[in-house]
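Coordinates from input02.cif are shown below (mmCIF, C-alpha atoms).
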```cif
data_query
#
loop_
_atom_site.label_atom_id
_atom_site.label_comp_id
_atom_site.auth_asym_id
_atom_site.auth_seq_id
_atom_site.Cartn_x
_atom_site.Cartn_y
_atom_site.Cartn_z
CA MET R 22 66.50 109.51 90.87
CA PRO R 23 65.72 106.01 89.57
CA PRO R 24 63.87 105.88 86.24
CA VAL R 25 60.09 105.55 85.97
CA PRO R 26 58.30 103.45 87.21
CA PHE R 27 60.76 103.11 90.09
CA THR R 28 60.22 106.76 91.03
CA ARG R 29 56.66 107.98 91.33
CA GLY R 30 54.84 110.49 93.52
CA GLY R 31 57.50 110.90 96.20
CA LEU R 32 58.05 107.16 96.51
CA VAL R 33 61.23 105.48 95.31
CA LEU R 34 61.90 101.79 94.56
CA ALA R 35 58.74 100.43 96.19
CA ASP R 36 58.53 96.62 95.81
CA ALA R 37 61.72 96.78 93.75
CA THR R 38 65.03 94.98 93.47
CA LEU R 39 68.18 96.98 92.84
CA ARG R 40 71.30 95.11 91.63
CA GLN R 41 74.63 96.96 91.55
CA THR R 42 78.24 96.00 90.93
CA VAL R 43 81.21 97.62 92.61
CA ARG R 44 84.88 96.72 92.68
CA VAL R 45 87.04 96.03 95.72
CA THR R 46 90.73 96.86 95.64
CA ILE R 47 92.33 94.56 98.21
CA GLY R 48 91.21 90.96 98.66
CA GLY R 49 90.22 89.03 101.75
CA ASP R 50 88.03 86.29 103.19
CA ARG R 51 85.44 88.48 104.94
CA LEU R 52 83.56 91.62 104.05
CA ARG R 53 80.82 93.93 105.22
CA LEU R 54 78.72 96.56 103.46
CA ARG R 55 77.89 100.17 104.27
CA PHE R 56 74.53 101.68 103.34
CA SER R 57 73.88 105.40 103.60
CA ASN R 58 70.80 107.56 104.03
CA ALA R 59 72.87 110.76 104.30
CA PHE R 60 70.66 112.73 101.91
CA GLY R 61 67.34 110.92 102.19
CA GLY R 62 64.21 112.82 103.17
CA ALA R 63 62.73 109.82 105.00
CA VAL R 64 63.92 106.63 106.68
CA LEU R 65 65.34 104.00 104.33
CA PRO R 66 63.76 100.58 105.01
CA ILE R 67 65.91 97.87 103.42
CA THR R 68 64.10 94.53 103.36
CA ALA R 69 66.81 92.14 102.15
CA VAL R 70 70.36 92.22 100.78
CA THR R 71 72.54 89.62 99.08
CA VAL R 72 76.06 89.56 97.69
CA ALA R 73 77.31 87.47 94.80
CA ARG R 74 80.04 87.24 92.20
CA PRO R 75 79.01 88.87 88.92
CA LEU R 76 79.04 86.64 85.88
CA GLY R 77 82.52 86.61 84.38
CA ASN R 78 83.73 89.03 87.08
CA ARG R 79 82.34 91.83 84.91
CA ALA R 80 81.14 95.22 86.07
CA GLY R 81 77.62 96.36 85.24
CA VAL R 82 76.07 92.97 84.46
CA GLY R 83 72.72 91.73 85.78
CA ALA R 84 73.70 88.07 86.03
CA VAL R 85 75.75 86.44 88.77
CA GLU R 86 77.82 83.29 88.98
CA PRO R 87 75.54 80.31 89.79
CA GLY R 88 75.71 79.28 93.43
CA SER R 89 77.50 82.43 94.58
CA VAL R 90 74.54 84.31 96.14
CA GLN R 91 74.76 84.78 99.91
CA PRO R 92 72.43 86.73 102.23
CA VAL R 93 73.67 89.74 104.19
CA THR R 94 72.41 90.41 107.71
CA PHE R 95 72.22 93.34 110.10
CA HIS R 96 72.39 92.44 113.80
CA GLY R 97 71.43 88.97 112.66
CA ARG R 98 68.34 90.19 110.82
CA ALA R 99 67.61 90.17 107.10
CA GLY R 100 66.65 93.83 106.90
CA VAL R 101 67.40 97.17 108.47
CA VAL R 102 65.92 100.66 108.68
CA VAL R 103 68.49 103.41 108.07
CA PRO R 104 67.54 106.64 109.87
CA VAL R 105 67.57 109.96 108.04
CA GLY R 106 71.14 111.25 107.77
CA ALA R 107 72.67 108.02 109.08
CA GLN R 108 74.49 105.01 107.73
CA VAL R 109 74.51 101.36 108.75
CA VAL R 110 77.19 98.71 108.52
CA SER R 111 76.19 95.10 107.88
CA ASP R 112 77.32 92.10 109.86
CA ALA R 113 80.61 90.64 108.68
CA LEU R 114 80.16 87.91 106.08
CA ASP R 115 82.47 85.07 105.14
CA PHE R 116 82.75 85.78 101.43
CA PRO R 117 86.21 85.54 99.87
CA VAL R 118 87.05 88.14 97.23
CA GLU R 119 90.18 88.46 95.15
CA PRO R 120 92.04 91.77 94.74
CA GLU R 121 90.44 93.95 92.05
CA ALA R 122 87.35 91.70 91.99
CA ASN R 123 83.90 92.97 91.09
CA LEU R 124 81.12 92.30 93.58
CA THR R 125 77.36 92.20 93.01
CA VAL R 126 75.15 93.68 95.73
CA THR R 127 71.40 93.18 95.39
CA VAL R 128 68.90 95.07 97.54
CA PHE R 129 65.13 94.61 97.88
CA LEU R 130 62.93 97.41 99.24
CA ALA R 131 59.40 96.16 99.94
CA GLN R 132 58.08 99.54 101.06
CA GLY R 133 60.46 101.74 99.10
CA GLN R 134 61.70 105.08 100.40
CA ALA R 135 58.95 107.67 100.83
CA SER R 136 60.91 110.69 99.67
CA GLY R 137 61.86 112.74 96.66
CA LEU R 138 65.31 113.06 98.18
CA ILE R 139 67.56 110.00 98.20
CA THR R 140 71.22 109.10 98.57
CA SER R 141 72.76 108.30 95.21
CA HIS R 142 75.91 108.62 93.15
CA PRO R 143 75.13 110.02 89.68
CA GLY R 144 78.57 109.40 88.14
CA SER R 145 78.90 105.68 88.79
CA ARG R 146 80.22 104.85 85.29
CA THR R 147 78.73 101.46 86.15
CA THR R 148 75.36 100.04 85.11
CA SER R 149 72.78 99.10 87.75
CA HIS R 150 69.68 96.95 87.21
CA LEU R 151 66.12 97.49 88.49
CA VAL R 152 63.19 95.09 88.47
CA ALA R 153 59.84 94.81 90.30
CA GLY R 154 59.53 92.28 93.12
CA ASP R 155 62.06 90.48 95.28
CA HIS R 156 64.81 88.99 93.14
CA THR R 157 67.68 89.13 95.63
CA GLN R 158 68.33 85.40 95.17
CA ALA R 159 68.02 85.43 91.37
CA GLU R 160 70.97 84.44 89.21
CA ASP R 161 69.85 86.78 86.42
CA LEU R 162 67.46 89.70 85.94
CA PRO R 163 66.14 89.40 82.37
CA GLY R 164 64.13 92.40 81.25
CA ALA R 165 65.43 94.63 84.02
CA SER R 166 65.59 98.40 83.57
CA THR R 167 69.12 99.79 83.60
CA THR R 168 70.63 103.05 84.77
CA ASP R 169 74.22 104.22 85.16
CA HIS R 170 73.91 105.31 88.79
CA TRP R 171 74.53 103.86 92.23
CA TYR R 172 72.05 104.11 95.10
CA PHE R 173 72.35 103.70 98.90
CA LEU R 174 75.47 101.47 98.88
CA SER R 175 78.33 103.66 100.12
CA GLY R 176 81.16 101.24 100.75
CA VAL R 177 82.53 97.71 100.89
CA GLU R 178 84.97 96.86 103.65
CA VAL R 179 87.24 93.82 103.20
CA TRP R 180 89.09 92.25 106.11
CA CYS R 181 92.79 92.07 105.28
CA ASP R 182 94.74 89.57 107.38
CA GLY R 183 98.00 91.27 106.48
CA GLY R 184 97.10 94.52 108.23
CA GLY R 185 95.88 96.52 105.29
CA SER R 186 95.74 100.29 105.08
CA ALA R 187 93.97 102.73 102.80
CA VAL R 188 94.46 105.85 100.73
CA VAL R 189 91.43 108.08 100.22
CA VAL R 190 91.25 110.08 96.99
CA LEU R 191 89.17 113.21 97.54
CA GLY R 192 88.20 114.87 94.29
CA ASP R 193 85.68 115.98 91.69
CA SER R 194 84.63 114.56 88.30
CA LEU R 195 88.25 113.97 87.26
CA THR R 196 88.50 111.47 90.12
CA ASP R 197 84.90 110.31 89.72
CA GLY R 198 85.95 109.29 86.22
CA ARG R 199 84.11 111.44 83.70
CA GLY R 200 85.54 110.42 80.34
CA SER R 201 86.43 106.93 81.53
CA THR R 202 84.81 103.78 80.11
CA THR R 203 81.40 102.82 81.45
CA ASN R 204 81.81 99.44 83.18
CA GLY R 205 85.54 99.61 82.36
CA ASN R 206 86.92 100.54 85.79
CA ASP R 207 89.60 102.73 84.20
CA ARG R 208 89.35 105.88 86.31
CA TRP R 209 92.75 107.04 87.56
CA PRO R 210 92.19 105.68 91.11
CA ASP R 211 91.40 102.29 89.50
CA ARG R 212 94.70 102.45 87.63
CA LEU R 213 96.53 103.47 90.80
CA SER R 214 95.00 100.52 92.62
CA ALA R 215 96.27 98.11 89.97
CA ARG R 216 99.78 99.53 90.35
CA LEU R 217 99.62 99.21 94.14
CA ARG R 218 98.49 95.57 93.86
CA ALA R 219 101.54 94.79 91.73
CA GLY R 220 103.99 96.27 94.24
CA ALA R 221 105.58 93.95 96.77
CA THR R 222 105.31 96.53 99.57
CA THR R 223 101.98 98.12 98.57
CA SER R 224 99.74 95.17 97.70
CA SER R 225 97.65 95.57 100.87
CA VAL R 226 96.87 99.27 100.32
CA ALA R 227 93.18 99.85 99.54
CA VAL R 228 92.12 102.76 97.32
CA LEU R 229 88.94 104.56 98.39
CA ASN R 230 87.61 106.70 95.55
CA GLN R 231 85.69 109.62 97.08
CA GLY R 232 85.42 111.59 93.86
CA THR R 233 82.13 113.39 93.22
CA GLY R 234 81.33 115.09 89.92
CA GLY R 235 80.76 118.83 90.25
CA ASN R 236 82.23 118.93 93.74
CA ARG R 237 83.99 121.99 95.15
CA VAL R 238 86.38 122.46 98.04
CA LEU R 239 84.89 125.58 99.59
CA ASP R 240 81.18 125.67 98.79
CA ASP R 241 78.45 123.13 98.27
CA GLY R 242 77.68 122.39 94.64
CA ILE R 243 76.69 118.95 93.42
CA GLY R 244 76.83 117.54 96.92
CA PRO R 245 78.47 119.05 99.99
CA SER R 246 81.88 120.70 99.71
CA ALA R 247 85.10 118.83 100.41
CA LEU R 248 85.42 120.76 103.67
CA ALA R 249 81.91 119.71 104.69
CA ARG R 250 82.26 116.03 103.75
CA PHE R 251 85.80 115.56 105.02
CA ASP R 252 84.89 113.86 108.32
CA ARG R 253 82.45 111.44 106.69
CA ASP R 254 84.37 110.65 103.52
CA VAL R 255 87.91 110.59 104.90
CA VAL R 256 88.18 110.28 108.69
CA ALA R 257 85.26 107.85 109.10
CA GLN R 258 86.67 105.39 106.56
CA SER R 259 88.50 102.31 107.81
CA GLY R 260 92.28 102.05 107.89
CA VAL R 261 93.07 105.41 106.30
CA ARG R 262 96.75 106.40 106.37
CA TRP R 263 96.95 108.71 103.35
CA LEU R 264 94.81 111.25 101.55
CA VAL R 265 95.27 112.46 97.97
CA LEU R 266 93.55 115.82 97.42
CA PHE R 267 92.85 116.56 93.74
CA GLU R 268 90.13 119.18 93.72
CA GLY R 269 89.57 122.88 93.11
CA VAL R 270 88.89 123.37 89.41
CA ASN R 271 85.15 123.67 90.07
CA ASP R 272 85.79 126.39 92.65
CA ILE R 273 87.77 128.32 90.04
CA GLY R 274 85.33 127.61 87.22
CA THR R 275 82.21 128.72 89.07
CA ALA R 276 83.65 131.92 90.58
CA GLU R 277 83.25 135.19 88.71
CA ALA R 278 85.74 135.58 85.87
CA SER R 279 87.32 138.80 87.12
CA ALA R 280 90.78 139.56 88.42
CA VAL R 281 89.53 140.49 91.90
CA ALA R 282 87.20 137.51 92.30
CA GLN R 283 89.74 134.99 91.06
CA LYS R 284 92.51 136.40 93.24
CA GLN R 285 90.24 136.06 96.27
CA LEU R 286 89.19 132.57 95.20
CA ALA R 287 92.78 131.41 94.82
CA ASP R 288 93.66 132.69 98.29
CA ASP R 289 90.56 131.09 99.81
CA LEU R 290 91.21 127.81 98.04
CA CYS R 291 94.74 127.56 99.39
CA ALA R 292 93.42 128.32 102.86
CA GLY R 293 90.85 125.55 102.40
CA TYR R 294 93.57 123.10 101.41
CA GLU R 295 95.49 124.01 104.53
CA GLN R 296 92.42 123.34 106.67
CA ILE R 297 92.11 119.87 105.16
CA VAL R 298 95.78 119.15 105.85
CA VAL R 299 95.51 120.31 109.45
CA ARG R 300 92.40 118.23 110.07
CA ALA R 301 93.95 115.15 108.44
CA HIS R 302 97.18 115.46 110.38
CA ALA R 303 95.18 115.52 113.60
CA HIS R 304 94.14 111.96 112.74
CA GLY R 305 97.61 110.83 111.69
CA ILE R 306 96.76 110.95 107.97
CA LYS R 307 99.37 112.20 105.51
CA VAL R 308 98.09 114.43 102.72
CA TYR R 309 99.41 114.51 99.16
CA GLY R 310 98.31 117.50 97.10
CA ALA R 311 97.74 117.19 93.35
CA THR R 312 98.09 120.21 91.10
CA LEU R 313 95.06 121.19 89.01
CA ALA R 314 94.99 120.02 85.40
CA PRO R 315 94.58 122.53 82.53
CA LEU R 316 91.22 124.04 81.63
CA GLY R 317 92.25 126.05 78.56
CA GLY R 318 89.61 125.93 75.84
CA SER R 319 86.86 124.74 78.17
CA GLN R 320 83.67 126.44 77.08
CA ALA R 321 82.29 126.26 80.61
CA TYR R 322 85.33 127.40 82.59
CA ASP R 323 87.95 129.17 80.46
CA ASP R 324 87.52 132.93 80.08
CA PRO R 325 88.96 135.16 77.31
CA ALA R 326 90.87 137.39 79.72
CA GLY R 327 92.55 134.40 81.38
CA HIS R 328 91.52 135.26 84.95
CA ARG R 329 90.65 131.66 85.80
CA GLU R 330 93.87 130.40 84.27
CA ALA R 331 95.78 132.90 86.42
CA ALA R 332 94.01 131.55 89.50
CA ARG R 333 94.84 127.97 88.52
CA GLN R 334 98.50 128.88 88.07
CA ALA R 335 98.56 130.65 91.44
CA VAL R 336 96.94 127.71 93.20
CA ASN R 337 99.31 125.23 91.55
CA ALA R 338 102.33 127.33 92.52
CA TRP R 339 101.13 127.29 96.13
CA ILE R 340 100.56 123.52 96.07
CA ARG R 341 104.09 122.98 94.73
CA ASP R 342 105.97 125.51 96.85
CA ALA R 343 104.16 126.25 100.11
CA GLY R 344 105.39 123.12 101.85
CA VAL R 345 101.99 122.42 103.41
CA PHE R 346 101.43 119.03 101.78
CA ASP R 347 103.43 115.97 102.76
CA ALA R 348 104.12 115.40 99.06
CA VAL R 349 103.03 116.88 95.74
CA LEU R 350 101.63 115.04 92.71
CA ASP R 351 102.13 117.32 89.72
CA PHE R 352 99.15 116.24 87.63
CA ASP R 353 99.27 119.55 85.76
CA ALA R 354 102.71 118.65 84.40
CA VAL R 355 101.49 115.19 83.42
CA ALA R 356 98.31 116.25 81.62
CA ARG R 357 99.27 119.49 79.88
CA ASP R 358 100.33 119.94 76.28
CA PRO R 359 104.01 121.01 76.39
CA GLU R 360 103.44 123.14 73.27
CA GLU R 361 100.42 124.87 74.81
CA PRO R 362 100.57 124.41 78.61
CA ARG R 363 97.17 126.05 79.21
CA ARG R 364 95.54 123.08 77.48
CA LEU R 365 95.36 119.34 77.96
CA LEU R 366 97.48 117.14 75.73
CA ALA R 367 95.22 116.17 72.82
CA ALA R 368 95.50 112.44 73.49
CA TYR R 369 94.34 113.03 77.06
CA ASP R 370 91.46 115.40 76.22
CA GLU R 371 88.02 113.80 76.46
CA GLY R 372 86.70 116.51 74.15
CA ASP R 373 85.51 119.23 76.50
CA HIS R 374 89.07 120.43 77.28
CA LEU R 375 88.54 119.69 80.97
CA HIS R 376 88.09 115.95 81.47
CA LEU R 377 90.48 113.17 80.53
CA THR R 378 90.39 110.08 78.36
CA PRO R 379 91.26 106.63 79.75
CA ALA R 380 94.80 107.22 78.45
CA GLY R 381 94.95 110.47 80.38
CA TYR R 382 93.75 108.82 83.57
CA ARG R 383 96.34 106.09 83.15
CA ALA R 384 99.02 108.77 82.81
CA LEU R 385 97.95 110.37 86.10
CA ALA R 386 98.08 107.04 87.91
CA ASP R 387 101.43 106.14 86.39
CA ALA R 388 102.90 109.40 87.67
CA VAL R 389 102.16 108.61 91.34
CA PRO R 390 105.29 107.36 93.19
CA LEU R 391 104.32 104.11 94.91
CA GLU R 392 106.86 104.68 97.67
CA LEU R 393 104.46 107.28 99.08
CA PHE R 394 102.29 104.37 100.25
CA THR R 395 104.85 102.19 101.99
CA ALA R 396 105.49 101.86 105.70
CA THR R 397 107.84 104.86 105.54
CA GLY R 398 105.66 106.84 103.11
#
```

Target format structure tokens, applied to this file:
Amino acid sequence: MPPVPFTRGGLVLADATLRQTVRVTIGGDRLRLRFSNAFGGAVLPITAVTVARPLGNRAGVGAVEPGSVQPVTFHGRAGVVVPVGAQVVSDALDFPVEPEANLTVTVFLAQGQASGLITSHPGSRTTSHLVAGDHTQAEDLPGASTTDHWYFLSGVEVWCDGGGSAVVVLGDSLTDGRGSTTNGNDRWPDRLSARLRAGATTSSVAVLNQGTGGNRVLDDGIGPSALARFDRDVVAQSGVRWLVLFEGVNDIGTAEASAVAQKQLADDLCAGYEQIVVRAHAHGIKVYGATLAPLGGSQAYDDPAGHREAARQAVNAWIRDAGVFDAVLDFDAVARDPEEPRRLLAAYDEGDHLHLTPAGYRALADAVPLELFTATG
């Protein structure tokens, strides 16, 4: 939830301006925004929205480049009411953006949202700015409250004249970027995007990061499971040709640490992966499976008897050998310490023996073959 005083008595962001920065991956001359009320407990009345270029093209700043603010409309109107459980897409706007550019989106809610349940992204690793009143046209927000979360904005679509396509990355906190640099855009999907931009045959491939911290494949946890959110977060996205699935450690880590429970979990997890592949293939989407990175030494997930490690090894063996995925990304091999394969390489260990450093995330991205995202990939 937003910080006080922007949350009070079941009312959120009343008479408040919310300024957020996000980064596009491919460039283009036109864009449109998606706003979501998927988890809200009441309608979401948005009064006004603008887009702008953040000052210095930096993430997480409250100031924008002078003269760059433009209004966003919905069916030609300044505002829109998003029904409970729904999303809205803005009108297309002529607003050129370069590849890898940051974009400032400013929202004003005159009435606020009358609910203690809202749609937000806790692990934004990007600073947002909050201030009372309507400041959607302002070039700076001095004195604004800050919070490292995103709210309501669920996507930016850029029109690519060259016939762009997209890869969705479905994952948990390792994809969401825990351990990466706040406002640094150095999660592994960010690094992959930079590599794709530099490739002559992959420069028009967008990267859609659908990582959610705490997420599981089989059961709801922090947010709905991967199986439950698949249609919304993969199929409903624009231009998707590929899916990278890098998720499952939270399923293993939250199941009982016993031989029987972990054996059942490993079998169920592989079955869940297969369901995702089948559903993706029905929409012409290729699926690349990533092996699970080490969890050895994690106070939260590792167990003395090694039952969870055995499940991870079994799941990784299935990912590598079952032949279900269209290709395999062996992130386990990239991230593990060759002297102690149950653990992350020290230089890649964020400190909790589960999440990666920026260097570790770069290593994951560097290990992805770019030819997987060409016309024949």

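Shortest separation to Asp207 (chain R) among R:Asp353, R:Glu121, R:Glu361, R:Asp373 occurs at residue R:Glu121, atoms counted being all atoms listed in the file.
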
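Between CA of Gly372 (chain R) and CA of Ala215 (chain R) the interatomic distance comes to 26.1 Å.
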
Chain and number of each residue from the PyMOL selection byres ((chain R and resi 26-38) around 8), as a PyMOL selection string: chain R and resi 22-25+39-40+127-137+151-157

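One distance worth recording is that between CA of Asn230 (chain R) and CA of Asp323 (chain R), which is 27.1 Å.
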
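Shortest atom-to-atom contact with Thr223 (chain R) among R:Ser246, R:Glu119, R:Phe394, R:Leu138: R:Phe394, counting only C-alpha atoms.
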
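Interatomic distance, CA of Leu366 (chain R) to CA of Gly381 (chain R): 8.5 Å.
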
Residues selected by the PyMOL selection byres ((chain R and resi 183-189) around 9), written as an MDAnalysis selection string: chainID R and resid 47 180:182 190:191 224:231 254:255 258:266 394

Is there a way to get, as number ranges by chain, all residues within 8 Å of the point (94.8, 131.4, 91.8) in file coordinates, counting all atoms listed in the file? R: 273, 283-288, 329-337

Considering all atoms listed in the file, state which residue in the set R:Ile297, R:Val345, R:Ala356, R:Phe251 is at the smallest distance from Ala384 (chain R). R:Ala356

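The smallest atom-to-atom distance between Thr312 (chain R) and any of R:Leu350, R:Ala343, R:Ala367, R:Val281, using only C-alpha atoms, is found for R:Leu350.
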
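Closest to Ala311 (chain R) among R:Gly274, R:Pro245, R:Gly192, R:Pro325 is R:Gly192, based on all atoms listed in the file.
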
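Distances here use only C-alpha atoms; by that measure, the residue among R:Thr196, R:Ser141, R:Thr397, R:Ser111 closest to Leu313 (chain R) is R:Thr196.
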
Can you list, as a ChimeraX atom specification, the residues that the PyMOL selection byres ((chain R and resi 67) around 7) selects here? /R:65-66,68-69,100-102,129-130

Which residues, written as a PyMOL selection string, have at least one atom at most 8 Å from Ala348 (chain R), with all atoms listed in the file counted and residues fewer than 6 positions away on the same chain left out? chain R and resi 308-310

Can you pull out the residues contacting His142 (chain R)? Cut-off 9 Å, using all atoms listed in the file, and skip same-chain residues under 3 positions away; I want them as a ChimeraX atom specification. /R:145,170-173,175,233

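Residues lying within 9 Å of Ala59 (chain R), counting all atoms listed in the file and ignoring same-chain neighbours fewer than 5 positions away, are Pro104, Val105, Gly106, Ala107, Gln108, Ile139, Thr140 and Phe173 of chain R.
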
Same residues, C-alpha atoms, saved as a CSV table (one decimal), in the frame of the given file:
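The result, written out as selection-v9.csv:
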```
chain,number,residue,atom,x,y,z
R,104,PRO,CA,67.5,106.6,109.9
R,105,VAL,CA,67.6,110.0,108.0
R,106,GLY,CA,71.1,111.2,107.8
R,107,ALA,CA,72.7,108.0,109.1
R,108,GLN,CA,74.5,105.0,107.7
R,139,ILE,CA,67.6,110.0,98.2
R,140,THR,CA,71.2,109.1,98.6
R,173,PHE,CA,72.4,103.7,98.9
```

Write out as a count of residues only each polymer residue whose atoms come within 12 Å of Pro87 (chain R), counting only C-alpha atoms; drop sequence neighbours fewer than 5 positions from it. 9

Residues at most 10 Å from Asp387 (chain R), counting all atoms listed in the file, excluding those fewer than 4 positions away in the same chain, as a PDB file with C-alpha atoms, in the frame of the given file?
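Wrote result17.pdb, looks like this:
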```
ATOM      1  CA  TRP R 209      92.750 107.040  87.560  1.00  0.00           C
ATOM      2  CA  ARG R 212      94.700 102.450  87.630  1.00  0.00           C
ATOM      3  CA  LEU R 213      96.530 103.470  90.800  1.00  0.00           C
ATOM      4  CA  ARG R 216      99.780  99.530  90.350  1.00  0.00           C
ATOM      5  CA  VAL R 355     101.490 115.190  83.420  1.00  0.00           C
ATOM      6  CA  GLY R 381      94.950 110.470  80.380  1.00  0.00           C
ATOM      7  CA  TYR R 382      93.750 108.820  83.570  1.00  0.00           C
ATOM      8  CA  ARG R 383      96.340 106.090  83.150  1.00  0.00           C
ATOM      9  CA  LEU R 391     104.320 104.110  94.910  1.00  0.00           C
TER      10      LEU R 391
END
```

Take the point (85.9, 81.2, 103.9) in the file's coordinates, draw a sphere of radius 9 Å around it, and report as a PyMOL selection string every protein, DNA or RNA residue with an atom inside or on it, counting all atoms listed in the file. chain R and resi 50-51+115-117
